[in-house]
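Accompanying notes for the structure given below.
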Amino acid sequence: MPFHPFLSKTKLYNPIKSISKPFHVIFKYMEFVAFMSENRNKGKINDYYNKSAAYKNRFQLHDKILSELKNKPVFYYEFGVAGGDMIKKWSETNKVKESRFIGFDSFEGLPESWEDKKAGHFDQKGNFPDVNNDTRVRFVKGWFQDSVYDTLKDCDFNEQCVYHLDADLFSSTLYVLFQIFPKLKANDILIFDEFSSHDHEFEAFELFKKCINDKWQFEFIGAVNNYRQVAFILK
Ligand SMILES: C[S@@+](CC[C@H](N)C(=O)[O-])C[C@H]1O[C@@H](n2cnc3c(N)ncnc32)[C@H](O)[C@@H]1O
């Protein structure tokens, strides 16, 4: 006799769900610690353990990647643009005329709460960042779920692509990973901006990897801020 009819009849699943939920989060955290430990001492840049981690250090990871890409044509896709700090960094550093920089965002902030931020955080009131009329830069406004699929159909992927996943949330990150999956090719780069958010970007990436039948190896490029920002190259 299976146990579930009893649970279903008594509605005991409700308290058991509440009691067991923290264990899932702890499990994810341990998976993340395992990831850190396995990649310790690896990568072209890795500051673990950095007692003075600071958000501004995320530029160090991008600088490292840009040092090899700044004179090459790249297609930089950013998911989560907000005020545009990072898309500006890429378009201002890489001046190659064939390069393209495409940023997706609602420009109305996060659709759900994330860590200590409420839904709507990062709201830009619908305004795009000022990119000094750089015609290589394009912004796509809307929820990813309404805009990414159609936009990517008409985009180019034949140069080396850099995908900057900076939407913070599990839902947004997972959605984007599956949308870009058919476009991925060897030597493309994935950069996560909040990777140590272990039940969001990290969990989305782990789930994605389980579902793609080992199609790609994600070689660790490096990490800063104790794995807050992490990058991989596809092999
Ligand atoms: C951390 S901010 C991006 C920061 C930016 N990349 C930078 O370097 O300064 C996260 C952004 O993701 C956007 N975002 C998250 N989920 C989204 C979704 N499903 N659709 C559209 N935008 C989303 C939010 O609007 C927010 O502006």
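Quick note on naming: the chains in the structure tokens go A, B, ... in the order shown, residues restart at 1 in each chain, and ligands are numbered from 1 in order of appearance.
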
**Q.** Which of segment 13-91 of chain A DSSP labels strand (DSSP E or B), written as a list of chain:residue names
**A.**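 Output for segment 13-91 of chain A, strand (DSSP E or B) only: A:Ile45, A:Asn46, A:Val74, A:Phe75, A:Tyr76, A:Tyr77, A:Glu78, A:Phe79.
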
Q) segment 101-197 of chain A: which residues are alpha helix (DSSP H) by DSSP, as number ranges by chain? A) A: 144-153, 170-180

Could you give me, as JSON lines, every chain A residue with an atom at most 6 Å from ligand 1, plus its closest atom pair and distance in Å to one decimal, counting only C-alpha atoms and all ligand atoms, rows ordered by chain then number?
{"residue": "A:Gly80", "atom": "CA", "partner": "ligand 1", "partner_atom_place_in_ligand_line": "12 (O)", "distance": 3.4}
{"residue": "A:Val81", "atom": "CA", "partner": "ligand 1", "partner_atom_place_in_ligand_line": "6 (N)", "distance": 4.0}
{"residue": "A:Ala82", "atom": "CA", "partner": "ligand 1", "partner_atom_place_in_ligand_line": "27 (O)", "distance": 3.6}
{"residue": "A:Gly83", "atom": "CA", "partner": "ligand 1", "partner_atom_place_in_ligand_line": "9 (O)", "distance": 5.6}
{"residue": "A:Gly84", "atom": "CA", "partner": "ligand 1", "partner_atom_place_in_ligand_line": "9 (O)", "distance": 5.1}
{"residue": "A:Asp85", "atom": "CA", "partner": "ligand 1", "partner_atom_place_in_ligand_line": "9 (O)", "distance": 4.3}
{"residue": "A:Met86", "atom": "CA", "partner": "ligand 1", "partner_atom_place_in_ligand_line": "8 (O)", "distance": 4.0}
{"residue": "A:Asp105", "atom": "CA", "partner": "ligand 1", "partner_atom_place_in_ligand_line": "22 (N)", "distance": 3.8}
{"residue": "A:Ser106", "atom": "CA", "partner": "ligand 1", "partner_atom_place_in_ligand_line": "21 (C)", "distance": 4.0}
{"residue": "A:Phe107", "atom": "CA", "partner": "ligand 1", "partner_atom_place_in_ligand_line": "25 (O)", "distance": 5.1}
{"residue": "A:Glu108", "atom": "CA", "partner": "ligand 1", "partner_atom_place_in_ligand_line": "25 (O)", "distance": 5.4}
{"residue": "A:Gly109", "atom": "CA", "partner": "ligand 1", "partner_atom_place_in_ligand_line": "25 (O)", "distance": 3.3}
{"residue": "A:Leu110", "atom": "CA", "partner": "ligand 1", "partner_atom_place_in_ligand_line": "24 (C)", "distance": 4.1}
{"residue": "A:Pro111", "atom": "CA", "partner": "ligand 1", "partner_atom_place_in_ligand_line": "16 (N)", "distance": 5.8}
{"residue": "A:Phe122", "atom": "CA", "partner": "ligand 1", "partner_atom_place_in_ligand_line": "27 (O)", "distance": 4.8}
{"residue": "A:Gly142", "atom": "CA", "partner": "ligand 1", "partner_atom_place_in_ligand_line": "21 (C)", "distance": 5.6}
{"residue": "A:Trp143", "atom": "CA", "partner": "ligand 1", "partner_atom_place_in_ligand_line": "20 (N)", "distance": 3.4}
{"residue": "A:Phe144", "atom": "CA", "partner": "ligand 1", "partner_atom_place_in_ligand_line": "20 (N)", "distance": 4.0}
{"residue": "A:Asp166", "atom": "CA", "partner": "ligand 1", "partner_atom_place_in_ligand_line": "6 (N)", "distance": 5.1}
{"residue": "A:Ala167", "atom": "CA", "partner": "ligand 1", "partner_atom_place_in_ligand_line": "12 (O)", "distance": 3.7}
{"residue": "A:Asp168", "atom": "CA", "partner": "ligand 1", "partner_atom_place_in_ligand_line": "10 (C)", "distance": 5.9}
{"residue": "A:Ser172", "atom": "CA", "partner": "ligand 1", "partner_atom_place_in_ligand_line": "19 (N)", "distance": 4.5}

Residue subset to file, keeping N, CA, C and O atoms, as an mmCIF file, in the first residue's frame:
data_model
loop_
_atom_site.group_PDB
_atom_site.id
_atom_site.type_symbol
_atom_site.label_atom_id
_atom_site.label_comp_id
_atom_site.auth_asym_id
_atom_site.auth_seq_id
_atom_site.Cartn_x
_atom_site.Cartn_y
_atom_site.Cartn_z
ATOM 1 N N GLY A 80 19.255 41.061 -19.083
ATOM 2 C CA GLY A 80 19.247 41.850 -17.850
ATOM 3 C C GLY A 80 20.235 42.991 -18.025
ATOM 4 O O GLY A 80 21.448 42.812 -17.881
ATOM 5 N N VAL A 81 19.716 44.161 -18.399
ATOM 6 C CA VAL A 81 20.573 45.305 -18.769
ATOM 7 C C VAL A 81 20.553 46.386 -17.689
ATOM 8 O O VAL A 81 21.587 46.992 -17.386
ATOM 9 N N ALA A 82 19.373 46.649 -17.140
ATOM 10 C CA ALA A 82 19.156 47.725 -16.156
ATOM 11 C C ALA A 82 19.768 49.046 -16.663
ATOM 12 O O ALA A 82 19.466 49.481 -17.769
ATOM 13 N N GLY A 83 20.674 49.644 -15.898
ATOM 14 C CA GLY A 83 21.258 50.930 -16.309
ATOM 15 C C GLY A 83 22.335 50.792 -17.368
ATOM 16 O O GLY A 83 22.862 51.798 -17.860
ATOM 17 N N GLY A 84 22.690 49.548 -17.721
ATOM 18 C CA GLY A 84 23.583 49.319 -18.858
ATOM 19 C C GLY A 84 25.077 49.344 -18.559
ATOM 20 O O GLY A 84 25.889 49.433 -19.487
ATOM 21 N N ASP A 85 25.468 49.261 -17.288
ATOM 22 C CA ASP A 85 26.900 49.352 -16.964
ATOM 23 C C ASP A 85 27.737 48.371 -17.783
ATOM 24 O O ASP A 85 28.800 48.717 -18.300
ATOM 25 N N MET A 86 27.260 47.138 -17.897
ATOM 26 C CA MET A 86 28.122 46.132 -18.524
ATOM 27 C C MET A 86 28.047 46.143 -20.041
ATOM 28 O O MET A 86 29.057 45.956 -20.702
ATOM 29 N N ASP A 105 15.769 43.451 -21.791
ATOM 30 C CA ASP A 105 15.304 43.795 -20.434
ATOM 31 C C ASP A 105 13.865 44.296 -20.518
ATOM 32 O O ASP A 105 13.468 44.843 -21.553
ATOM 33 N N SER A 106 13.150 44.149 -19.427
ATOM 34 C CA SER A 106 11.817 44.772 -19.348
ATOM 35 C C SER A 106 11.981 46.294 -19.256
ATOM 36 O O SER A 106 11.085 47.038 -19.605
ATOM 37 N N PHE A 107 13.124 46.703 -18.711
ATOM 38 C CA PHE A 107 13.381 48.096 -18.326
ATOM 39 C C PHE A 107 12.321 48.595 -17.336
ATOM 40 O O PHE A 107 12.115 49.780 -17.172
ATOM 41 N N GLU A 108 11.652 47.613 -16.708
ATOM 42 C CA GLU A 108 10.691 47.937 -15.640
ATOM 43 C C GLU A 108 11.062 47.195 -14.357
ATOM 44 O O GLU A 108 10.260 47.108 -13.438
ATOM 45 N N GLY A 109 12.233 46.615 -14.357
ATOM 46 C CA GLY A 109 12.709 45.946 -13.144
ATOM 47 C C GLY A 109 12.373 44.468 -13.091
ATOM 48 O O GLY A 109 11.789 43.900 -14.022
ATOM 49 N N LEU A 110 12.754 43.861 -11.984
ATOM 50 C CA LEU A 110 12.582 42.408 -11.811
ATOM 51 C C LEU A 110 11.106 42.024 -11.783
ATOM 52 O O LEU A 110 10.310 42.707 -11.134
ATOM 53 N N PRO A 111 10.750 40.911 -12.436
ATOM 54 C CA PRO A 111 9.347 40.475 -12.379
ATOM 55 C C PRO A 111 8.956 39.839 -11.039
ATOM 56 O O PRO A 111 7.772 39.740 -10.738
ATOM 57 N N PHE A 122 15.397 47.696 -9.946
ATOM 58 C CA PHE A 122 16.123 47.985 -11.192
ATOM 59 C C PHE A 122 15.230 48.649 -12.248
ATOM 60 O O PHE A 122 15.592 48.722 -13.423
ATOM 61 N N GLY A 142 11.037 44.288 -23.065
ATOM 62 C CA GLY A 142 9.917 43.367 -22.842
ATOM 63 C C GLY A 142 10.334 42.263 -21.907
ATOM 64 O O GLY A 142 11.522 42.099 -21.609
ATOM 65 N N TRP A 143 9.365 41.490 -21.440
ATOM 66 C CA TRP A 143 9.710 40.296 -20.660
ATOM 67 C C TRP A 143 10.382 39.302 -21.584
ATOM 68 O O TRP A 143 9.985 39.161 -22.740
ATOM 69 N N PHE A 144 11.397 38.662 -21.098
ATOM 70 C CA PHE A 144 12.133 37.706 -21.945
ATOM 71 C C PHE A 144 11.154 36.724 -22.603
ATOM 72 O O PHE A 144 11.308 36.368 -23.769
ATOM 73 N N ASP A 166 22.434 38.018 -16.688
ATOM 74 C CA ASP A 166 22.412 38.916 -15.531
ATOM 75 C C ASP A 166 20.981 39.284 -15.163
ATOM 76 O O ASP A 166 20.661 40.453 -14.943
ATOM 77 N N ALA A 167 20.125 38.263 -15.122
ATOM 78 C CA ALA A 167 18.723 38.515 -14.775
ATOM 79 C C ALA A 167 18.435 38.136 -13.327
ATOM 80 O O ALA A 167 17.299 38.267 -12.864
ATOM 81 N N ASP A 168 19.439 37.607 -12.644
ATOM 82 C CA ASP A 168 19.365 37.256 -11.219
ATOM 83 C C ASP A 168 18.465 36.065 -10.903
ATOM 84 O O ASP A 168 18.840 35.189 -10.146
ATOM 85 N N SER A 172 13.986 33.496 -14.905
ATOM 86 C CA SER A 172 14.457 34.234 -16.082
ATOM 87 C C SER A 172 15.706 33.575 -16.659
ATOM 88 O O SER A 172 15.858 33.456 -17.882
#

(Q) Using only C-alpha atoms, can you tell me which of A:Ser113, A:Ser196, A:Ser52, A:Thr151 comes closest to Ile180 of chain A? (A) A:Thr151

(Q) Between atom CA of Tyr48 of chain A and atom CA of Ser67 of chain A, what is the distance in Å, rounded to a tenth? (A)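 Atom CA of Ser67 of chain A lies 21.1 Å from atom CA of Tyr48 of chain A.
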
Q) Leaving out Ala53 of chain A and any residue of its chain fewer than 2 positions from it, which residues lie within 12 Å of it when counting only C-alpha atoms, given as a list in words? A) Asn46, Asp47, Tyr48, Tyr49, Asn50, Lys51, Tyr55, Lys56, Asn57, Arg58, Gln60, Ala223, Val224, Asn225, Asn226, Tyr227, Arg228 and Gln229 of chain A

Q. Counting only C-alpha atoms, which of A:Phe79, A:Phe27, A:His198, A:Ala231 gets nearest to Leu177 of chain A?
A.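 Among the listed residues, A:Phe79 lies closest to Leu177 of chain A.
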
Set the distance at 8 Å and use only C-alpha atoms: which residues neighbour Ile87 of chain A once local chain neighbours fewer than 4 positions away are removed? I'd like the list as a compact mmCIF listing (two decimals) with N, CA and C atoms, in the first residue's frame.
# COMPACT_ATOMS: atom_id res chain seq x y z
N GLU A 78 23.15 40.33 -23.88
CA GLU A 78 22.99 40.52 -22.44
C GLU A 78 21.51 40.36 -22.05
N VAL A 81 19.72 44.16 -18.40
CA VAL A 81 20.57 45.31 -18.77
C VAL A 81 20.55 46.39 -17.69
N SER A 91 30.73 47.52 -25.23
CA SER A 91 30.70 48.27 -26.49
C SER A 91 31.76 49.36 -26.50
N PHE A 101 26.00 44.28 -29.99
CA PHE A 101 25.71 44.22 -28.55
C PHE A 101 24.21 44.33 -28.40
N GLY A 103 20.92 43.94 -25.92
CA GLY A 103 20.51 43.85 -24.52
C GLY A 103 19.02 43.67 -24.38

Q) So how far away is atom CA of Asp150 of chain A from atom CA of Thr135 of chain A, in Å? A)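 Going from atom CA of Thr135 of chain A over to atom CA of Asp150 of chain A, I get 20.8 Å.
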
Q: Write out as number ranges by chain which residues come within 8 Å of His164 of chain A when counting only C-alpha atoms, dropping same-chain ones fewer than 6 positions away.
A: A: 76-79, 190-193

Q) Which one is closest to Arg40 of chain A: A:Ile221, A:Ile233, A:Phe208, A:Lys117? Count only C-alpha atoms. A)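 Once distances to Arg40 of chain A are computed over only C-alpha atoms, the minimum belongs to A:Ile221.
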
Q: For atom CA of Gly126 of chain A and atom CA of Val176 of chain A, determine how far apart the two atoms are, in Å to one decimal place.
A: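 For atom CA of Gly126 of chain A relative to atom CA of Val176 of chain A, the distance reads 20.8 Å.
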
Q | Among listed residues A:Ala119, A:Phe205, A:Asn213, A:Trp114, nearest Phe35 of chain A (using only C-alpha atoms) | A |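 Selected residue with least distance to Phe35 of chain A: A:Phe205.
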
Q: Find the residues around Phe3 of chain A up to 12 Å (only C-alpha atoms counted), leave out those fewer than 5 positions away in its own chain, and share them as an MDAnalysis selection string.
A: chainID A and resid 8:10 12:13

Next, write the just-selected residues to a file, as a CSV table (one decimal), in the first residue's frame, keeping N, CA, C and O atoms as the atom set.
chain,number,residue,atom,x,y,z
A,8,SER,N,-2.4,12.3,1.1
A,8,SER,CA,-3.4,13.1,0.3
A,8,SER,C,-4.7,13.3,1.2
A,8,SER,O,-5.2,14.4,1.2
A,9,LYS,N,-5.1,12.2,1.8
A,9,LYS,CA,-6.4,12.3,2.5
A,9,LYS,C,-6.3,13.2,3.8
A,9,LYS,O,-7.2,14.0,4.1
A,10,THR,N,-5.1,13.1,4.4
A,10,THR,CA,-5.0,13.9,5.7
A,10,THR,C,-4.4,15.3,5.5
A,10,THR,O,-4.4,16.1,6.4
A,12,LEU,N,-1.5,16.0,5.1
A,12,LEU,CA,-0.2,16.1,5.8
A,12,LEU,C,0.9,16.6,4.9
A,12,LEU,O,1.9,17.0,5.4
A,13,TYR,N,0.7,16.6,3.6
A,13,TYR,CA,1.7,17.1,2.7
A,13,TYR,C,2.0,18.5,2.9
A,13,TYR,O,3.1,19.0,2.7

Q. Counting only C-alpha atoms, what is within 6 Å of Leu234 of chain A, bar same-chain residues fewer than 3 positions away, as a ChimeraX atom specification?
A. /A:186-188,217-218

Q.
Ranking A:Phe128, A:Tyr163, A:Phe202, A:Tyr149 by minimum distance to Gln179 of chain A and counting only C-alpha atoms, which one comes first?
A.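 Nearest candidate to Gln179 of chain A out of A:Phe128, A:Tyr163, A:Phe202, A:Tyr149: A:Tyr149.
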